[in-house]
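Q: I have a structure I would like to understand better, so I am pasting it below and will then ask my questions one at a time.
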Amino acid sequence: MNAALEPTPANTAPFDVEAIRADFPILHQEINGKPLAYLDNAASSQHPRVVIDSMSNYYERDHANVHRGVHTLSQRATDAFEAARENVRRFINARSTKEIIFVRGTTEAINLVAASFARPGIKPGDEILISWLEHHANIVPWQLLAEQTGAVLKVIPITPEGEVDFSAFEQLIGPRTRLLALAHVSNALGTIVPVEQFIAVARKHGVPVLLDGAQAIPHSRIDVQALGCDFYCFSGHKLCGPTGIGVLYGREAILDAMPPWQGGGDMILSVSFKGTTYNQLPWKFEAGTPDIAGVIGLGTAIQYLESIGMDRIAAYEHTLLEYATARLTTIPGLRIIGTAPRKAAVVSFALEGIHPHDIGTILDVEGVAIRTGHHCAMPVMEFYGVPATARASFAFYNTRAEVDRLTDALVKARDYLT
Amino acid sequence: MDLKDLYRDVIVDHNRKPRNFGPMLSPDAHADGHNPLCGDRLTIYVSLDGDTVKEAKFEGSGCAISVASASLLTEAVKGKSVAEVDKLYGEVHELLTRRDTVAAPGLGKLAALSGVHEFPARVKCASLCWHTLNAALHPPQAAVLAPTSTE
């Protein structure tokens, strides 16, 4: 059972990456005869044994439906499910578990806010403000909303370094702005957006703020109260948790005022043909049988990360980023795309004369897994005038030796194709 | 898996120096191809003499496999009848997906693509130009002319 709920005391031991790697079964394999160097963590991170075990233990011993049975298994499943919600609350420092809605992922969280928060009451000409950095998941839901309601999508430009242009933002926010929806960290470039500054301005204008935290939450300590955002969205699978589960944090007063999103079981207190009474928060937004094992896996992943410590993770990853940036810039013809002064451990790059797709294949033969393509951020690619980039993204279980292997494989790619 | 199987000398050479690269002013047939996965885009132009391909050209951008495959295509189809091109299209498709284990004898330099099947993620890179050529020579009748896509 997943009942160990107490916050883990701060870990002050030296960062032992080899011990951490031993926790991740998938890392210990060969790809094409070479040890796997998994550098595609911004797409999806890997799972420590405790996460995998928590889910299989649940299936082997505790599975039943949640919130509806008096029998022992249903009670165990419900306890584990709601315990994981408390883990999430503590992890992001929300005031209450009522503010933690389980969804399929960041994409579903944003779509929920678009449908249930933004859409009711929006008028033609009202504005949704996003930035040029956004992942498609924080663009397309707003485009759909705009098409359906006559609202207008406004886009804050970015600088050549890949930062969101703050002075342009101050010009764009105004009396018609209904929501500011921003990436906390850019998935394509790694830019850490100084969202606190943007939120302060939005507050002055009375504009609510949604943060897409999918790429921020694996790399740093998130405190939604300190940030002061109204919504924070993230996915389990970028956080050493399973796919198919994610979280929408919303301020309780706002969630309370929102109509339910999907209707069905679990989100109701009583149903009759005369009328239906909706359930309380958070269940009002969780129609249908949820991904119980996914929630339990996510709760365990959070405990695992807390046992290492998010501050230590952030510090270690920062040293990896600095090392990778220094190593990669030694390769002739390599251009790093996205050079903001504050970045998460993501390096997007182009290699002169070689298409990213070829880089991806050559690196894979060397056992080095990176992402190549548009990273679901085609406007960012358009901004830099490239069809795609190659992107190495690091987690706390990556090593300097893996950065060296990335560098060597890129030199090999260059020798091969130019 | 050996990189040499994919990036054979012929492929590397045609990527570095693509043949018949550039626009054609008044083509008898042309079509656009797009692979959204990797952003590859190309246009194939064909000039015809009756039923025979007089010249084929291409332009666009893409990975080494996509550029080399298009370059090889423009050489391979020159002087062939549309029916012969259709046959070649089938043979290249077989080669890339390896339904046939031996390269057809008429493939010539195109046999350099025979290593692609070992890299399933790259088959679409090599086949994009062929699908695009097929769309140029056999445009869908009275249909909306969307770009050919291998995704």
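Labels for the structure tokens follow display order: chains A, B, ..., residues from 1 in each chain, ligands from 1.
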Near A:Lys284, within 10 Å and counting only C-alpha atoms, which residues show up once chain neighbours fewer than 3 positions away are dropped, as a PDB file with N, CA and C atoms, in the first residue's frame?
A:
ATOM      1  N   LYS A  98      -8.703  20.023  -2.194  1.00  0.00           N
ATOM      2  CA  LYS A  98      -9.821  20.400  -3.077  1.00  0.00           C
ATOM      3  C   LYS A  98      -9.327  21.082  -4.343  1.00  0.00           C
ATOM      4  N   ILE A 101      -6.993  18.537  -9.008  1.00  0.00           N
ATOM      5  CA  ILE A 101      -7.882  17.768  -9.883  1.00  0.00           C
ATOM      6  C   ILE A 101      -7.021  16.819 -10.709  1.00  0.00           C
ATOM      7  N   LEU A 255     -12.320  27.344  -8.798  1.00  0.00           N
ATOM      8  CA  LEU A 255     -12.862  26.027  -9.158  1.00  0.00           C
ATOM      9  C   LEU A 255     -14.302  25.895  -8.691  1.00  0.00           C
ATOM     10  N   ASP A 256     -14.575  26.433  -7.517  1.00  0.00           N
ATOM     11  CA  ASP A 256     -15.931  26.385  -6.976  1.00  0.00           C
ATOM     12  C   ASP A 256     -16.926  27.054  -7.906  1.00  0.00           C
ATOM     13  N   MET A 258     -16.662  27.450 -11.092  1.00  0.00           N
ATOM     14  CA  MET A 258     -16.710  26.895 -12.450  1.00  0.00           C
ATOM     15  C   MET A 258     -17.753  25.792 -12.558  1.00  0.00           C
ATOM     16  N   PRO A 259     -18.435  25.703 -13.707  1.00  0.00           N
ATOM     17  CA  PRO A 259     -19.326  24.559 -13.913  1.00  0.00           C
ATOM     18  C   PRO A 259     -18.496  23.294 -14.127  1.00  0.00           C
ATOM     19  N   PRO A 260     -19.077  22.108 -13.864  1.00  0.00           N
ATOM     20  CA  PRO A 260     -18.344  20.873 -14.149  1.00  0.00           C
ATOM     21  C   PRO A 260     -17.949  20.826 -15.621  1.00  0.00           C
ATOM     22  N   TRP A 261     -16.954  19.998 -15.901  1.00  0.00           N
ATOM     23  CA  TRP A 261     -16.482  19.880 -17.286  1.00  0.00           C
ATOM     24  C   TRP A 261     -17.148  18.685 -17.951  1.00  0.00           C
ATOM     25  N   GLN A 262     -16.802  17.484 -17.490  1.00  0.00           N
ATOM     26  CA  GLN A 262     -17.446  16.296 -18.031  1.00  0.00           C
ATOM     27  C   GLN A 262     -18.449  15.797 -17.001  1.00  0.00           C
ATOM     28  N   GLY A 263     -19.556  15.275 -17.501  1.00  0.00           N
ATOM     29  CA  GLY A 263     -20.563  14.735 -16.597  1.00  0.00           C
ATOM     30  C   GLY A 263     -20.467  13.226 -16.541  1.00  0.00           C
ATOM     31  N   GLY A 264     -20.869  12.652 -15.425  1.00  0.00           N
ATOM     32  CA  GLY A 264     -20.849  11.197 -15.314  1.00  0.00           C
ATOM     33  C   GLY A 264     -20.850  10.787 -13.864  1.00  0.00           C
ATOM     34  N   GLY A 265     -20.407   9.573 -13.628  1.00  0.00           N
ATOM     35  CA  GLY A 265     -20.327   9.067 -12.269  1.00  0.00           C
ATOM     36  C   GLY A 265     -19.227   9.779 -11.509  1.00  0.00           C
ATOM     37  N   ASP A 266     -19.254   9.713 -10.197  1.00  0.00           N
ATOM     38  CA  ASP A 266     -18.233  10.259  -9.312  1.00  0.00           C
ATOM     39  C   ASP A 266     -18.280  11.780  -9.190  1.00  0.00           C
ATOM     40  N   MET A 267     -18.785  12.477 -10.211  1.00  0.00           N
ATOM     41  CA  MET A 267     -18.791  13.941 -10.119  1.00  0.00           C
ATOM     42  C   MET A 267     -20.145  14.441  -9.610  1.00  0.00           C
ATOM     43  N   ILE A 268     -20.995  13.519  -9.152  1.00  0.00           N
ATOM     44  CA  ILE A 268     -22.332  13.909  -8.704  1.00  0.00           C
ATOM     45  C   ILE A 268     -22.553  13.499  -7.251  1.00  0.00           C
ATOM     46  N   LEU A 269     -23.482  14.188  -6.591  1.00  0.00           N
ATOM     47  CA  LEU A 269     -23.951  13.733  -5.284  1.00  0.00           C
ATOM     48  C   LEU A 269     -25.256  12.985  -5.448  1.00  0.00           C
ATOM     49  N   THR A 277     -27.338  17.096  -8.562  1.00  0.00           N
ATOM     50  CA  THR A 277     -26.479  17.871  -7.668  1.00  0.00           C
ATOM     51  C   THR A 277     -25.049  17.399  -7.873  1.00  0.00           C
ATOM     52  N   TYR A 278     -24.167  18.346  -8.123  1.00  0.00           N
ATOM     53  CA  TYR A 278     -22.781  17.979  -8.399  1.00  0.00           C
ATOM     54  C   TYR A 278     -22.041  17.722  -7.097  1.00  0.00           C
ATOM     55  N   ASN A 279     -20.983  16.943  -7.234  1.00  0.00           N
ATOM     56  CA  ASN A 279     -20.139  16.616  -6.097  1.00  0.00           C
ATOM     57  C   ASN A 279     -19.320  17.847  -5.698  1.00  0.00           C
ATOM     58  N   GLN A 280     -18.704  17.758  -4.528  1.00  0.00           N
ATOM     59  CA  GLN A 280     -17.811  18.813  -4.064  1.00  0.00           C
ATOM     60  C   GLN A 280     -16.491  18.737  -4.819  1.00  0.00           C
ATOM     61  N   LEU A 281     -15.686  19.773  -4.612  1.00  0.00           N
ATOM     62  CA  LEU A 281     -14.309  19.738  -5.103  1.00  0.00           C
ATOM     63  C   LEU A 281     -13.539  18.687  -4.309  1.00  0.00           C
ATOM     64  N   ALA A 287     -15.119  13.099 -13.513  1.00  0.00           N
ATOM     65  CA  ALA A 287     -16.207  12.203 -13.907  1.00  0.00           C
ATOM     66  C   ALA A 287     -15.645  10.856 -14.345  1.00  0.00           C
TER      67      ALA A 287
END
Q: May I have the residues within 9 Å of A:Asn398 as a list in words, using only C-alpha atoms and disregarding those fewer than 6 positions away in the same chain?
A: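 Those residues are Val17, Arg21, Ala37, Tyr38, Leu39, Glu317 and Leu320 of chain A.
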Q: Would you kindly return, as a list in words, each protein, DNA or RNA residue with an atom no farther than 7 Å from any atom of B:Ser81, considering only C-alpha atoms and excluding same-chain residues fewer than 4 positions away?
A: Asp51, Thr52, Val53 and Val85 of chain B
Q: Could those selected residues go to a file with C-alpha atoms, as a compact mmCIF listing (two decimals), in the first residue's frame?
A:
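The file below, out-v6.txt, is the result:
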# COMPACT_ATOMS: atom_id res chain seq x y z
CA ASP B 51 3.93 9.62 -72.31
CA THR B 52 7.64 9.84 -71.51
CA VAL B 53 9.32 11.71 -68.66
CA VAL B 85 7.70 4.92 -63.62
Q: Show which residues sit within 10 Å of B:Pro139, as an NGL selection string. Count only C-alpha atoms, and ignore same-chain residues fewer than 5 positions away.
A: :B and (29-31 or 132-134 or 145)
Q: Enumerate, as JSON, numbers by chain, the complete set of residues in stretch 193-327 of chain A that a backbone-based DSSP assignment places in strand (DSSP E or B).
A: {"A": [209, 210, 211, 212, 231, 232, 233, 234, 235, 246, 247, 248, 249, 250, 268, 269, 270, 271, 272, 275, 276, 277, 278]}
Q: So the first atom is atom CA of A:Tyr249 and the second is atom CA of A:Tyr304; what is the distance between them in Å, to one decimal place?
A: 20.6 Å
Q: With DSSP run on the backbone, what are the alpha helix (DSSP H) residues within chain B? I'd like them as a ChimeraX atom specification.
A: /B:3-6,9-16,64-77,82-97,123-137
Q: Can you check which residues of chain B have any atom within 8 Å of chain A? Use only C-alpha atoms and format it as a ChimeraX atom specification.
A: /B:1-3,12,16,37-40,62-65
Q: Select, from A:Ala253, A:Leu179, A:Pro379, A:Tyr397, the residue with the minimum atom-to-atom distance to A:Val140, counting only C-alpha atoms.
A: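 Distance minimum relative to A:Val140 lands on A:Pro379.
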Q: At what distance in Å, to one decimal, does atom CA of A:Thr243 lie from atom CA of A:Ser54?
A: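 One can read the atom CA of A:Ser54 to atom CA of A:Thr243 distance as 14.6 Å.
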Q: What is the distance, in Å and to one decimal place, between atom CA of A:Ala390 and atom CA of A:Ser348?
A: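 Between atom CA of A:Ala390 and atom CA of A:Ser348 the gap works out to 5.7 Å.
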Q: Considering only C-alpha atoms, return as an mmCIF file with N, CA, C and O atoms, in the first residue's frame whatever protein or nucleic-acid residues lie within 12 Å of stretch 87-95 of chain B, sequence-local ones (same chain, fewer than 5 positions apart) excluded.
A:
data_model
loop_
_atom_site.group_PDB
_atom_site.id
_atom_site.type_symbol
_atom_site.label_atom_id
_atom_site.label_comp_id
_atom_site.auth_asym_id
_atom_site.auth_seq_id
_atom_site.Cartn_x
_atom_site.Cartn_y
_atom_site.Cartn_z
ATOM 1 N N SER B 69 17.097 10.562 -51.778
ATOM 2 C CA SER B 69 16.093 9.745 -52.456
ATOM 3 C C SER B 69 15.454 10.537 -53.598
ATOM 4 O O SER B 69 15.264 10.009 -54.700
ATOM 5 N N LEU B 72 18.016 10.871 -56.436
ATOM 6 C CA LEU B 72 18.108 9.609 -57.184
ATOM 7 C C LEU B 72 16.869 9.395 -58.053
ATOM 8 O O LEU B 72 16.964 8.903 -59.179
ATOM 9 N N LEU B 73 15.733 9.799 -57.530
ATOM 10 C CA LEU B 73 14.477 9.650 -58.276
ATOM 11 C C LEU B 73 14.532 10.424 -59.588
ATOM 12 O O LEU B 73 14.159 9.900 -60.647
ATOM 13 N N ALA B 76 16.486 8.597 -62.012
ATOM 14 C CA ALA B 76 15.976 7.270 -62.372
ATOM 15 C C ALA B 76 14.785 7.330 -63.334
ATOM 16 O O ALA B 76 14.615 6.430 -64.159
ATOM 17 N N VAL B 77 13.969 8.365 -63.208
ATOM 18 C CA VAL B 77 12.732 8.363 -64.004
ATOM 19 C C VAL B 77 12.912 9.014 -65.375
ATOM 20 O O VAL B 77 12.055 8.887 -66.257
ATOM 21 N N LYS B 78 14.025 9.682 -65.548
ATOM 22 C CA LYS B 78 14.257 10.383 -66.812
ATOM 23 C C LYS B 78 14.261 9.383 -67.978
ATOM 24 O O LYS B 78 14.968 8.370 -67.936
ATOM 25 N N LYS B 80 11.840 7.487 -68.913
ATOM 26 C CA LYS B 80 10.924 6.350 -68.736
ATOM 27 C C LYS B 80 9.486 6.757 -69.054
ATOM 28 O O LYS B 80 9.108 7.919 -68.872
ATOM 29 N N SER B 81 8.712 5.801 -69.526
ATOM 30 C CA SER B 81 7.284 6.054 -69.744
ATOM 31 C C SER B 81 6.589 6.100 -68.382
ATOM 32 O O SER B 81 7.126 5.599 -67.386
ATOM 33 N N VAL B 82 5.410 6.679 -68.362
ATOM 34 C CA VAL B 82 4.661 6.761 -67.097
ATOM 35 C C VAL B 82 4.410 5.358 -66.544
ATOM 36 O O VAL B 82 4.530 5.126 -65.337
ATOM 37 N N ASP B 100 10.040 -7.546 -50.495
ATOM 38 C CA ASP B 100 10.864 -8.324 -51.401
ATOM 39 C C ASP B 100 12.295 -8.271 -50.864
ATOM 40 O O ASP B 100 12.790 -7.199 -50.556
ATOM 41 N N THR B 101 12.927 -9.403 -50.685
ATOM 42 C CA THR B 101 14.240 -9.383 -50.025
ATOM 43 C C THR B 101 15.381 -9.056 -50.993
ATOM 44 O O THR B 101 16.461 -8.705 -50.567
ATOM 45 N N VAL B 102 15.137 -9.163 -52.287
ATOM 46 C CA VAL B 102 16.198 -8.870 -53.246
ATOM 47 C C VAL B 102 15.784 -7.646 -54.057
ATOM 48 O O VAL B 102 14.651 -7.560 -54.528
ATOM 49 N N ALA B 103 16.730 -6.694 -54.185
ATOM 50 C CA ALA B 103 16.428 -5.502 -54.970
ATOM 51 C C ALA B 103 16.145 -5.918 -56.416
ATOM 52 O O ALA B 103 16.867 -6.742 -56.990
ATOM 53 N N ALA B 104 15.064 -5.366 -56.978
ATOM 54 C CA ALA B 104 14.729 -5.681 -58.365
ATOM 55 C C ALA B 104 15.897 -5.237 -59.259
ATOM 56 O O ALA B 104 16.532 -4.217 -58.995
ATOM 57 N N PRO B 105 16.196 -6.018 -60.323
ATOM 58 C CA PRO B 105 17.380 -5.729 -61.133
ATOM 59 C C PRO B 105 17.329 -4.350 -61.800
ATOM 60 O O PRO B 105 18.374 -3.732 -61.997
ATOM 61 N N GLY B 106 16.129 -3.852 -62.085
ATOM 62 C CA GLY B 106 16.034 -2.577 -62.802
ATOM 63 C C GLY B 106 16.237 -1.357 -61.921
ATOM 64 O O GLY B 106 16.148 -0.231 -62.392
ATOM 65 N N LEU B 107 16.517 -1.538 -60.661
ATOM 66 C CA LEU B 107 16.564 -0.384 -59.753
ATOM 67 C C LEU B 107 17.834 0.448 -59.917
ATOM 68 O O LEU B 107 17.844 1.640 -59.607
ATOM 69 N N GLY B 108 18.917 -0.183 -60.383
ATOM 70 C CA GLY B 108 20.158 0.563 -60.582
ATOM 71 C C GLY B 108 20.618 1.207 -59.291
ATOM 72 O O GLY B 108 20.650 0.585 -58.232
ATOM 73 N N LYS B 109 20.949 2.519 -59.370
ATOM 74 C CA LYS B 109 21.482 3.234 -58.207
ATOM 75 C C LYS B 109 20.490 3.294 -57.043
ATOM 76 O O LYS B 109 20.881 3.466 -55.885
ATOM 77 N N LEU B 110 19.204 3.161 -57.374
ATOM 78 C CA LEU B 110 18.195 3.215 -56.304
ATOM 79 C C LEU B 110 18.384 2.098 -55.286
ATOM 80 O O LEU B 110 17.881 2.175 -54.163
ATOM 81 N N ALA B 111 19.106 1.058 -55.671
ATOM 82 C CA ALA B 111 19.374 -0.043 -54.737
ATOM 83 C C ALA B 111 20.139 0.450 -53.516
ATOM 84 O O ALA B 111 20.142 -0.214 -52.473
ATOM 85 N N ALA B 112 20.744 1.645 -53.608
ATOM 86 C CA ALA B 112 21.437 2.221 -52.442
ATOM 87 C C ALA B 112 20.479 2.455 -51.281
ATOM 88 O O ALA B 112 20.902 2.625 -50.135
ATOM 89 N N LEU B 113 19.179 2.483 -51.576
ATOM 90 C CA LEU B 113 18.178 2.699 -50.520
ATOM 91 C C LEU B 113 17.823 1.397 -49.793
ATOM 92 O O LEU B 113 16.960 1.401 -48.913
ATOM 93 N N SER B 114 18.501 0.317 -50.133
ATOM 94 C CA SER B 114 18.060 -0.979 -49.589
ATOM 95 C C SER B 114 18.309 -1.118 -48.089
ATOM 96 O O SER B 114 17.744 -1.995 -47.453
ATOM 97 N N GLY B 115 19.163 -0.227 -47.504
ATOM 98 C CA GLY B 115 19.395 -0.321 -46.057
ATOM 99 C C GLY B 115 18.327 0.385 -45.244
ATOM 100 O O GLY B 115 18.256 0.218 -44.020
ATOM 101 N N VAL B 116 17.486 1.163 -45.914
ATOM 102 C CA VAL B 116 16.523 1.999 -45.180
ATOM 103 C C VAL B 116 15.542 1.146 -44.370
ATOM 104 O O VAL B 116 15.137 1.532 -43.268
ATOM 105 N N HIS B 117 15.211 -0.029 -44.881
ATOM 106 C CA HIS B 117 14.199 -0.842 -44.192
ATOM 107 C C HIS B 117 14.625 -1.231 -42.783
ATOM 108 O O HIS B 117 13.797 -1.534 -41.931
ATOM 109 N N GLU B 118 15.955 -1.200 -42.532
ATOM 110 C CA GLU B 118 16.422 -1.524 -41.181
ATOM 111 C C GLU B 118 16.154 -0.388 -40.196
ATOM 112 O O GLU B 118 16.340 -0.545 -38.995
ATOM 113 N N VAL B 123 11.769 5.160 -43.190
ATOM 114 C CA VAL B 123 11.184 4.714 -44.466
ATOM 115 C C VAL B 123 10.401 5.847 -45.118
ATOM 116 O O VAL B 123 10.476 6.066 -46.333
ATOM 117 N N LYS B 124 9.687 6.605 -44.281
ATOM 118 C CA LYS B 124 8.870 7.680 -44.846
ATOM 119 C C LYS B 124 9.723 8.791 -45.446
ATOM 120 O O LYS B 124 9.283 9.501 -46.343
ATOM 121 N N ALA B 126 12.446 8.324 -47.153
ATOM 122 C CA ALA B 126 12.849 7.873 -48.489
ATOM 123 C C ALA B 126 11.668 7.797 -49.444
ATOM 124 O O ALA B 126 11.824 7.972 -50.652
ATOM 125 N N SER B 127 10.482 7.539 -48.917
ATOM 126 C CA SER B 127 9.348 7.314 -49.813
ATOM 127 C C SER B 127 8.584 8.587 -50.142
ATOM 128 O O SER B 127 7.796 8.603 -51.090
ATOM 129 N N LEU B 128 8.838 9.660 -49.403
ATOM 130 C CA LEU B 128 8.069 10.890 -49.620
ATOM 131 C C LEU B 128 8.122 11.350 -51.071
ATOM 132 O O LEU B 128 7.089 11.656 -51.687
ATOM 133 N N CYS B 129 9.317 11.380 -51.670
ATOM 134 C CA CYS B 129 9.439 11.882 -53.043
ATOM 135 C C CYS B 129 8.682 10.987 -54.024
ATOM 136 O O CYS B 129 8.112 11.466 -55.005
ATOM 137 N N TRP B 130 8.682 9.700 -53.751
ATOM 138 C CA TRP B 130 7.986 8.774 -54.662
ATOM 139 C C TRP B 130 6.478 8.947 -54.572
ATOM 140 O O TRP B 130 5.781 8.919 -55.595
ATOM 141 N N HIS B 131 5.969 9.109 -53.371
ATOM 142 C CA HIS B 131 4.530 9.382 -53.232
ATOM 143 C C HIS B 131 4.178 10.699 -53.924
ATOM 144 O O HIS B 131 3.116 10.842 -54.534
ATOM 145 N N THR B 132 5.091 11.661 -53.797
ATOM 146 C CA THR B 132 4.830 12.980 -54.384
ATOM 147 C C THR B 132 4.837 12.891 -55.916
ATOM 148 O O THR B 132 3.970 13.459 -56.590
ATOM 149 N N LEU B 133 5.811 12.161 -56.453
ATOM 150 C CA LEU B 133 5.853 11.968 -57.909
ATOM 151 C C LEU B 133 4.579 11.273 -58.386
ATOM 152 O O LEU B 133 3.974 11.655 -59.388
ATOM 153 N N ASN B 134 4.163 10.268 -57.649
ATOM 154 C CA ASN B 134 2.953 9.530 -58.008
ATOM 155 C C ASN B 134 1.743 10.464 -58.046
ATOM 156 O O ASN B 134 0.903 10.395 -58.948
ATOM 157 N N ALA B 135 1.699 11.374 -57.057
ATOM 158 C CA ALA B 135 0.592 12.332 -57.014
ATOM 159 C C ALA B 135 0.667 13.308 -58.193
ATOM 160 O O ALA B 135 -0.366 13.743 -58.712
ATOM 161 N N LEU B 137 1.947 12.620 -61.229
ATOM 162 C CA LEU B 137 1.622 11.920 -62.478
ATOM 163 C C LEU B 137 0.183 11.426 -62.503
ATOM 164 O O LEU B 137 -0.384 11.230 -63.577
#
Q: Can you pull out every residue within 9 Å of A:Ala183, counting only C-alpha atoms, but drop anything in the same chain fewer than 3 positions away, and send it as a CSV table (one decimal) with C-alpha atoms, in the first residue's frame?
A:
chain,number,residue,atom,x,y,z
A,130,ILE,CA,-0.3,33.5,-24.6
A,131,SER,CA,3.4,33.6,-25.7
A,133,LEU,CA,7.0,29.9,-26.7
A,134,GLU,CA,4.0,27.8,-26.1
A,135,HIS,CA,3.6,24.1,-26.7
A,138,ASN,CA,-1.3,25.8,-24.8
A,186,SER,CA,9.7,26.2,-22.7
A,187,ASN,CA,9.7,22.6,-23.8
A,192,ILE,CA,12.6,29.5,-17.6
A,193,VAL,CA,10.0,32.2,-17.9
A,195,VAL,CA,6.4,34.1,-14.5
A,210,LEU,CA,-2.7,29.8,-16.0
A,211,LEU,CA,0.8,28.3,-16.0
A,212,ASP,CA,1.7,25.3,-18.2
A,213,GLY,CA,4.1,23.7,-15.7
A,214,ALA,CA,4.8,20.5,-17.6
A,215,GLN,CA,8.5,21.3,-18.1
A,216,ALA,CA,9.0,23.3,-14.9
